[in-house]
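*Asks:* Dumping the structure here so I can ask a few things about it.
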Protein chains: 2
Amino acid sequence: MNSEFTIAVHSLVYLAYIPDRMANSDMIAHNVNTHPSRVRKVLSCLKKSGYLATKEGIGGGYLLNFQPERVTLAELYEATSVGSIIPSWSSGSTDPACIVACNMAKVMDRIFSDAERQLVLYLEQTTIADVLQRVRESGIEQHSR
Amino acid sequence: MNSEFTIAVHSLVYLAYIPDRMANSDMIAHNVNTHPSRVRKVLSCLKKSGYLATKEGIGGGYLLNFQPERVTLAELYEATSVGSIIPSWSSGSTDPACIVACNMAKVMDRIFSDAERQLVLYLEQTTIADVLQRVRESGIEQHSR
DNA sequence: TATACTGTTATTATATTTGTTACAGTTGAG
DNA sequence: CTCAACTGTAACAAATATAATAACAGTATA
């Protein structure tokens with residue numbers, strides 16, 4: 001799985017967490033632990049999909065453009081990483097002498113596509129608000145020990 | 001997703017397809033379109049899990065050790081590629097100043113593990129015999145055009 | 001007009017995946 | 001017994017994918 005999905009989810013959870021729901025790429029990159037440029041790349045994509053507003057110039061940054069309860073991980077997967085569970089390598093050949101050799105790639109591709117559909121169905125069950133909630137619960141566990 | 005899973009499935013479908021259900025790594029590698037050594041690596045793993053018998057020496061090779069109707073893709077995924085949909089990269093840091101930064105990795109890891117469980121559930125629905133059937137149907141489509 | 005941002009591209013570094021070679025160990029035929 | 005044909009495995013090389021970094025044009029705002 002593509003780690004841009006992780007960066008997208010983390011960034012949005014972080015924005016949902018902070019009071020004014022706004023931060024620039026430096027702050028997000030520091031929280032996510034990657035390079036600001038990578039954050040900008042992922043978030044510019046989420047902006048195009050309408051999940052974020054941006055403000056350029058002094059004091060600007062990324063601003064959450066949705067209710068955390070209304071955006072699911074499935075949407076973010078589709079926006080950033082669709083196809084990423086399908087392996088780039090395919091078996092078989094176009095040699096028509098063996099139906100296994102020449103049809104396996106097609107059959108496996110179908111299996112992977114369907115698997116991805118199942119994955120998306122599962123990701124639909126979790127919203128950004130849910131993830132933030134889990135983060136908070138993790139924090140509580142941590143302190144109570 | 002790991003392509004060893006693809007190699008495993010393709011190899012077993014091929015063995016299930018050929019009449020005597022036996023072939024050596026050269027024949028399988030040629031059908032799969034990879035190196036015999038890679039085939040041996042994957043299949044030695046499947047042998048350990050009991051899906052194959054091997055015969056060394058002249059005329060030897062890999063022999064299907066199960067009914068194609070009784071082995072699911074889930075088992076092969078577990079044998080060859082478990083964990084492969086979980087990204088190696090994790091976000092966040094151990095810096096305790098922000099609960100998002102320090103708990104996201106754990107929360108995401110849980111999400112990916114659950115996603116993998118869903119994937120396995122899906123793969124349980126398909127057997128090697130089903131895949132072979134689909135290969136045969138692809139072949140029919142191909143000829144009827 | 002200077003400054004602080006985003007958006008984007010290009011480049012480098014690192015990690016992963018795949019291909020290949022090599023060889024020890026095993027089996028069975030002759 | 002000996003040779004040839006296998007598997008099993010490790011080591012290495014090549015190719016590819018991923019992540020980090022740098023650079024800079026464009027834009028908004030103080």
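Identifiers for the structure tokens are assigned positionally: chains receive A, B, ... in sequence, residues are indexed from 1 per chain, and ligands are indexed from 1 in the order shown.
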Could you pull the residues within 12 Å of Glu78 in chain A, counting only C-alpha atoms (C1' of nucleotides), minus those fewer than 2 positions along the same chain, as number ranges by chain?
*Replies:* A: 2, 4-5, 8, 45-46, 49, 71-76, 80-85, 116-117, 119-121, 123-124
*Asks:* Using only C-alpha atoms (C1' of nucleotides), I'd like every residue of chain C that has an atom within 12 Å of chain A; please write them out as a VMD selection string.
*Replies:* chain C and resid 2 to 9 17 to 18
*Asks:* What are the residues of chain A that have an atom within 9 Å of an atom of chain B, counting only C-alpha atoms, as a PyMOL selection string?
*Replies:* chain A and resi 1-3+6-7+9-10+13-14+17+30-34+84-93+98-108+111+114-116+118-119+122-123+131-132+134-136+138-139
*Asks:* Check every residue of chain D for an atom within 10 Å of chain A, counting only C-alpha atoms (C1' of nucleotides), and provide those that qualify as a PyMOL selection string.
*Replies:* chain D and resi 18-22+27-30
*Asks:* One number please: C1' of DG26 in chain D to CA of Met27 in chain A, in Å, one decimal.
*Replies:* 21.8 Å
*Asks:* Residues at most 8 Å from Leu12 in chain B, counting only C-alpha atoms (C1' of nucleotides), excluding those fewer than 4 positions away in the same chain, as a list in words?
*Replies:*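 Final neighbour list, sorted by chain and number: Ala8, Ala16, Leu64 and Ile128 of chain B.
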*Asks:* May I have the residues from that selection written out with all heavy atoms, as a JSON list (two decimals), in the first residue's frame?
*Replies:*
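Written out: selection.json:
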```json
[["chain", "number", "residue", "atom", "x", "y", "z"],
["B", 8, "ALA", "N", 2.75, -18.05, -6.63],
["B", 8, "ALA", "CA", 2.18, -19.22, -5.96],
["B", 8, "ALA", "C", 0.89, -19.66, -6.63],
["B", 8, "ALA", "O", 0.71, -20.83, -6.98],
["B", 8, "ALA", "CB", 1.95, -18.91, -4.48],
["B", 16, "ALA", "N", -2.49, -27.79, -11.41],
["B", 16, "ALA", "CA", -3.83, -28.37, -11.41],
["B", 16, "ALA", "C", -4.33, -28.59, -12.84],
["B", 16, "ALA", "O", -5.16, -29.45, -13.10],
["B", 16, "ALA", "CB", -4.79, -27.44, -10.65],
["B", 64, "LEU", "N", 1.23, -31.66, -7.05],
["B", 64, "LEU", "CA", 0.11, -31.11, -6.30],
["B", 64, "LEU", "C", -0.29, -32.09, -5.21],
["B", 64, "LEU", "O", -0.50, -33.27, -5.46],
["B", 64, "LEU", "CB", -1.06, -30.90, -7.27],
["B", 64, "LEU", "CG", -1.94, -29.69, -7.04],
["B", 64, "LEU", "CD1", -1.12, -28.42, -7.09],
["B", 64, "LEU", "CD2", -3.02, -29.64, -8.10],
["B", 128, "ILE", "N", -8.32, -22.59, -5.83],
["B", 128, "ILE", "CA", -7.49, -22.83, -7.01],
["B", 128, "ILE", "C", -8.37, -23.36, -8.17],
["B", 128, "ILE", "O", -8.19, -22.94, -9.32],
["B", 128, "ILE", "CB", -6.37, -23.83, -6.67],
["B", 128, "ILE", "CG1", -5.33, -23.18, -5.76],
["B", 128, "ILE", "CG2", -5.70, -24.37, -7.93],
["B", 128, "ILE", "CD1", -4.59, -22.02, -6.38]]
```
